[in-house]
file target_28.cif (mmCIF, C-alpha atoms, pLDDT in the B column; chains and numbers go by the auth columns)
data_my_file
loop_
_atom_site.group_PDB
_atom_site.id
_atom_site.type_symbol
_atom_site.label_atom_id
_atom_site.label_comp_id
_atom_site.label_asym_id
_atom_site.label_seq_id
_atom_site.Cartn_x
_atom_site.Cartn_y
_atom_site.Cartn_z
_atom_site.B_iso_or_equiv
_atom_site.auth_seq_id
_atom_site.auth_asym_id
ATOM 1 C CA MET A 1 63.663 -32.074 0.109 58.00 7 K
ATOM 2 C CA GLY A 2 62.697 -35.234 1.788 72.00 8 K
ATOM 3 C CA ILE A 3 60.300 -35.990 4.579 74.00 9 K
ATOM 4 C CA ASN A 4 61.875 -36.868 7.857 77.00 10 K
ATOM 5 C CA PRO A 5 60.367 -39.711 9.846 74.00 11 K
ATOM 6 C CA LEU A 6 59.568 -37.289 12.634 70.00 12 K
ATOM 7 C CA ASN A 7 57.655 -35.013 10.273 73.00 13 K
ATOM 8 C CA LEU A 8 55.846 -38.014 8.839 70.00 14 K
ATOM 9 C CA GLN A 9 54.780 -39.130 12.303 73.00 15 K
ATOM 10 C CA LEU A 10 53.273 -35.713 12.994 70.00 16 K
ATOM 11 C CA SER A 11 51.557 -35.221 9.644 69.00 17 K
ATOM 12 C CA VAL A 12 49.838 -38.618 9.258 70.00 18 K
ATOM 13 C CA PRO A 13 47.528 -38.280 12.309 71.00 19 K
ATOM 14 C CA ARG A 14 46.580 -34.742 11.257 72.00 20 K
ATOM 15 C CA THR A 15 45.601 -35.780 7.739 74.00 21 K
ATOM 16 C CA PRO A 16 41.862 -36.366 8.550 77.00 22 K
ATOM 17 C CA GLU A 17 41.653 -32.951 10.236 80.00 23 K
ATOM 18 C CA VAL A 18 43.260 -31.178 7.322 79.00 24 K
ATOM 19 C CA SER A 19 41.204 -33.082 4.759 83.00 25 K
ATOM 20 C CA SER A 20 37.947 -32.079 6.477 85.00 26 K
ATOM 21 C CA LEU A 21 39.088 -28.441 6.583 87.00 27 K
ATOM 22 C CA GLN A 22 40.057 -28.619 2.900 88.00 28 K
ATOM 23 C CA GLN A 23 36.699 -30.141 1.999 88.00 29 K
ATOM 24 C CA GLN A 24 34.856 -27.414 3.938 87.00 30 K
ATOM 25 C CA ALA A 25 36.900 -24.745 2.179 90.00 31 K
ATOM 26 C CA MET A 26 36.010 -26.279 -1.188 91.00 32 K
ATOM 27 C CA GLN A 27 32.301 -26.528 -0.336 90.00 33 K
ATOM 28 C CA ARG A 28 32.005 -23.070 1.260 91.00 34 K
ATOM 29 C CA PRO A 29 31.173 -21.162 -1.961 91.00 35 K
ATOM 30 C CA VAL A 30 28.530 -23.716 -2.902 92.00 36 K
ATOM 31 C CA THR A 31 26.858 -23.573 0.498 92.00 37 K
ATOM 32 C CA GLU A 32 27.013 -19.781 0.548 93.00 38 K
ATOM 33 C CA GLN A 33 25.330 -19.661 -2.852 93.00 39 K
ATOM 34 C CA THR A 34 22.542 -21.980 -1.716 94.00 40 K
ATOM 35 C CA ILE A 35 22.023 -19.889 1.424 95.00 41 K
ATOM 36 C CA LEU A 36 21.925 -16.686 -0.637 95.00 42 K
ATOM 37 C CA ALA A 37 19.471 -18.264 -3.071 95.00 43 K
ATOM 38 C CA SER A 38 17.142 -19.357 -0.264 95.00 44 K
ATOM 39 C CA ASN A 39 17.349 -15.889 1.314 95.00 45 K
ATOM 40 C CA ALA A 40 16.526 -14.330 -2.051 94.00 46 K
ATOM 41 C CA LEU A 41 13.463 -16.581 -2.390 94.00 47 K
ATOM 42 C CA LYS A 42 12.294 -15.648 1.099 94.00 48 K
ATOM 43 C CA HIS A 43 12.823 -11.980 0.334 92.00 49 K
ATOM 44 C CA THR A 44 10.826 -12.152 -2.906 90.00 50 K
ATOM 45 C CA ASP A 45 7.997 -13.954 -1.082 88.00 51 K
ATOM 46 C CA GLU A 46 7.990 -11.219 1.553 86.00 52 K
ATOM 47 C CA LEU A 47 7.892 -8.548 -1.142 83.00 53 K
ATOM 48 C CA ARG A 48 4.976 -10.307 -2.821 82.00 54 K
ATOM 49 C CA SER A 49 3.034 -10.404 0.428 78.00 55 K
ATOM 50 C CA VAL A 50 3.837 -6.743 1.104 72.00 56 K
ATOM 51 C CA ALA A 51 2.544 -5.762 -2.313 62.00 57 K
ATOM 52 C CA GLN A 52 -0.681 -7.641 -1.661 62.00 58 K
ATOM 53 C CA SER A 53 -1.090 -6.037 1.723 61.00 59 K
ATOM 54 C CA VAL A 54 -0.602 -2.586 0.170 58.00 60 K
ATOM 55 C CA GLU A 55 -3.358 -3.310 -2.348 61.00 61 K
ATOM 56 C CA GLU A 56 -5.581 -4.524 0.470 65.00 62 K
ATOM 57 C CA THR A 57 -4.937 -1.352 2.454 64.00 63 K
ATOM 58 C CA ASP A 58 -5.717 0.737 -0.619 62.00 64 K
ATOM 59 C CA LYS A 59 -9.044 -1.019 -0.939 67.00 65 K
ATOM 60 C CA ALA A 60 -9.636 -0.536 2.760 66.00 66 K
ATOM 61 C CA LEU A 61 -8.747 3.143 2.429 64.00 67 K
ATOM 62 C CA ILE A 62 -11.292 3.554 -0.351 68.00 68 K
ATOM 63 C CA ARG A 63 -13.863 1.705 1.739 68.00 69 K
ATOM 64 C CA ASP A 64 -13.060 3.921 4.718 65.00 70 K
ATOM 65 C CA GLN A 65 -13.395 7.024 2.574 69.00 71 K
ATOM 66 C CA GLU A 66 -16.807 5.834 1.376 70.00 72 K
ATOM 67 C CA ASN A 67 -17.831 5.199 4.979 70.00 73 K
ATOM 68 C CA GLY A 68 -16.451 8.619 5.900 69.00 74 K
ATOM 69 C CA ASN A 69 -18.519 10.254 3.164 70.00 75 K
ATOM 70 C CA GLN A 70 -21.620 8.479 4.420 74.00 76 K
ATOM 71 C CA GLN A 71 -20.872 9.600 7.952 75.00 77 K
ATOM 72 C CA GLU A 72 -20.345 13.173 6.768 78.00 78 K
ATOM 73 C CA GLN A 73 -23.689 13.070 5.002 78.00 79 K
ATOM 74 C CA LYS A 74 -25.345 11.734 8.157 81.00 80 K
ATOM 75 C CA SER A 75 -23.713 14.422 10.266 83.00 81 K
ATOM 76 C CA LYS A 76 -24.853 17.109 7.798 85.00 82 K
ATOM 77 C CA LYS A 77 -28.414 15.796 7.980 85.00 83 K
ATOM 78 C CA ARG A 78 -28.236 15.812 11.777 86.00 84 K
ATOM 79 C CA LYS A 79 -26.967 19.386 11.766 86.00 85 K
ATOM 80 C CA GLN A 80 -29.747 20.420 9.410 85.00 86 K
ATOM 81 C CA THR A 81 -32.395 18.817 11.603 85.00 87 K
ATOM 82 C CA ASP A 82 -30.823 20.339 14.720 82.00 88 K
ATOM 83 C CA ASN A 83 -30.795 23.760 13.067 80.00 89 K
ATOM 84 C CA ALA A 84 -34.412 23.335 12.009 80.00 90 K
ATOM 85 C CA LEU A 85 -35.397 22.381 15.573 76.00 91 K
ATOM 86 C CA GLU A 86 -33.535 25.360 16.986 78.00 92 K
ATOM 87 C CA GLN A 87 -35.259 27.685 14.553 75.00 93 K
ATOM 88 C CA GLU A 88 -38.635 26.271 15.530 71.00 94 K
ATOM 89 C CA LEU A 89 -37.799 26.730 19.193 65.00 95 K
ATOM 90 C CA ASN A 90 -36.614 30.271 18.558 65.00 96 K
ATOM 91 C CA ASP A 91 -39.754 31.026 16.581 61.00 97 K
ATOM 92 C CA ASP A 92 -41.897 29.658 19.409 54.00 98 K
ATOM 93 C CA SER A 93 -40.043 31.739 21.962 57.00 99 K
ATOM 94 C CA LYS A 94 -40.981 34.938 20.131 63.00 100 K
ATOM 95 C CA HIS A 95 -44.397 35.696 21.466 64.00 101 K
ATOM 96 C CA PRO A 96 -46.286 38.435 19.635 63.00 102 K
ATOM 97 C CA TYR A 97 -47.070 40.405 22.834 67.00 103 K
ATOM 98 C CA LYS A 98 -44.564 39.362 25.436 67.00 104 K
ATOM 99 C CA GLY A 99 -41.045 40.705 25.655 64.00 105 K
ATOM 100 C CA HIS A 100 -41.293 43.643 23.255 63.00 106 K
ATOM 101 C CA ARG A 101 -42.068 46.436 25.684 65.00 107 K
ATOM 102 C CA PHE A 102 -41.212 47.060 29.274 67.00 108 K
ATOM 103 C CA ASP A 103 -43.655 48.856 31.464 69.00 109 K
ATOM 104 C CA ILE A 104 -41.853 50.009 34.563 76.00 110 K
ATOM 105 C CA ARG A 105 -43.840 52.144 36.990 76.00 111 K
ATOM 106 C CA LEU A 106 -42.643 53.093 40.375 70.00 112 K
#
call {"tool": "encode", "arguments": {"input": "target_28.cif", "output": "structure tokens"}}
result
Amino acid sequence: MGINPLNLQLSVPRTPEVSSLQQQAMQRPVTEQTILASNALKHTDELRSVAQSVEETDKALIRDQENGNQQEQKSKKRKQTDNALEQELNDDSKHPYKGHRFDIRL
């Protein structure tokens, strides 16, 4: 099978187009692998930062729990002092003579 002059006229100008497409097709797996490798590196960096942030939040959680315990202790002390004040007020309101007997005469 030979090449006709008409076919040769059509194929010669298209040679640069086809060669660039062929080169892209040959380089596609290499470029895809480099893109996948860079994405994998980014992903591992993100996972590293997430792991650090989780540890930081754990430490913050412990710190918050300690602060919460301190606040609970403060609130308990406040309640105790409030209860003591109420008892004192209630004790003061109980007069030894007033309020025990009613004397109603009409």
call {"tool": "atom_distance", "arguments": {"input": "target_28.cif", "atom1": "CA of His49 (chain K)", "atom2": "CA of Gln33 (chain K)"}}
result
24.3 Å
call {"tool": "atom_distance", "arguments": {"input": "target_28.cif", "atom1": "CA of Ala43 (chain K)", "atom2": "CA of Ser26 (chain K)"}}
result
25.0 Å
call {"tool": "atom_distance", "arguments": {"input": "target_28.cif", "atom1": "CA of Val24 (chain K)", "atom2": "CA of Gly8 (chain K)"}}
result
20.6 Å
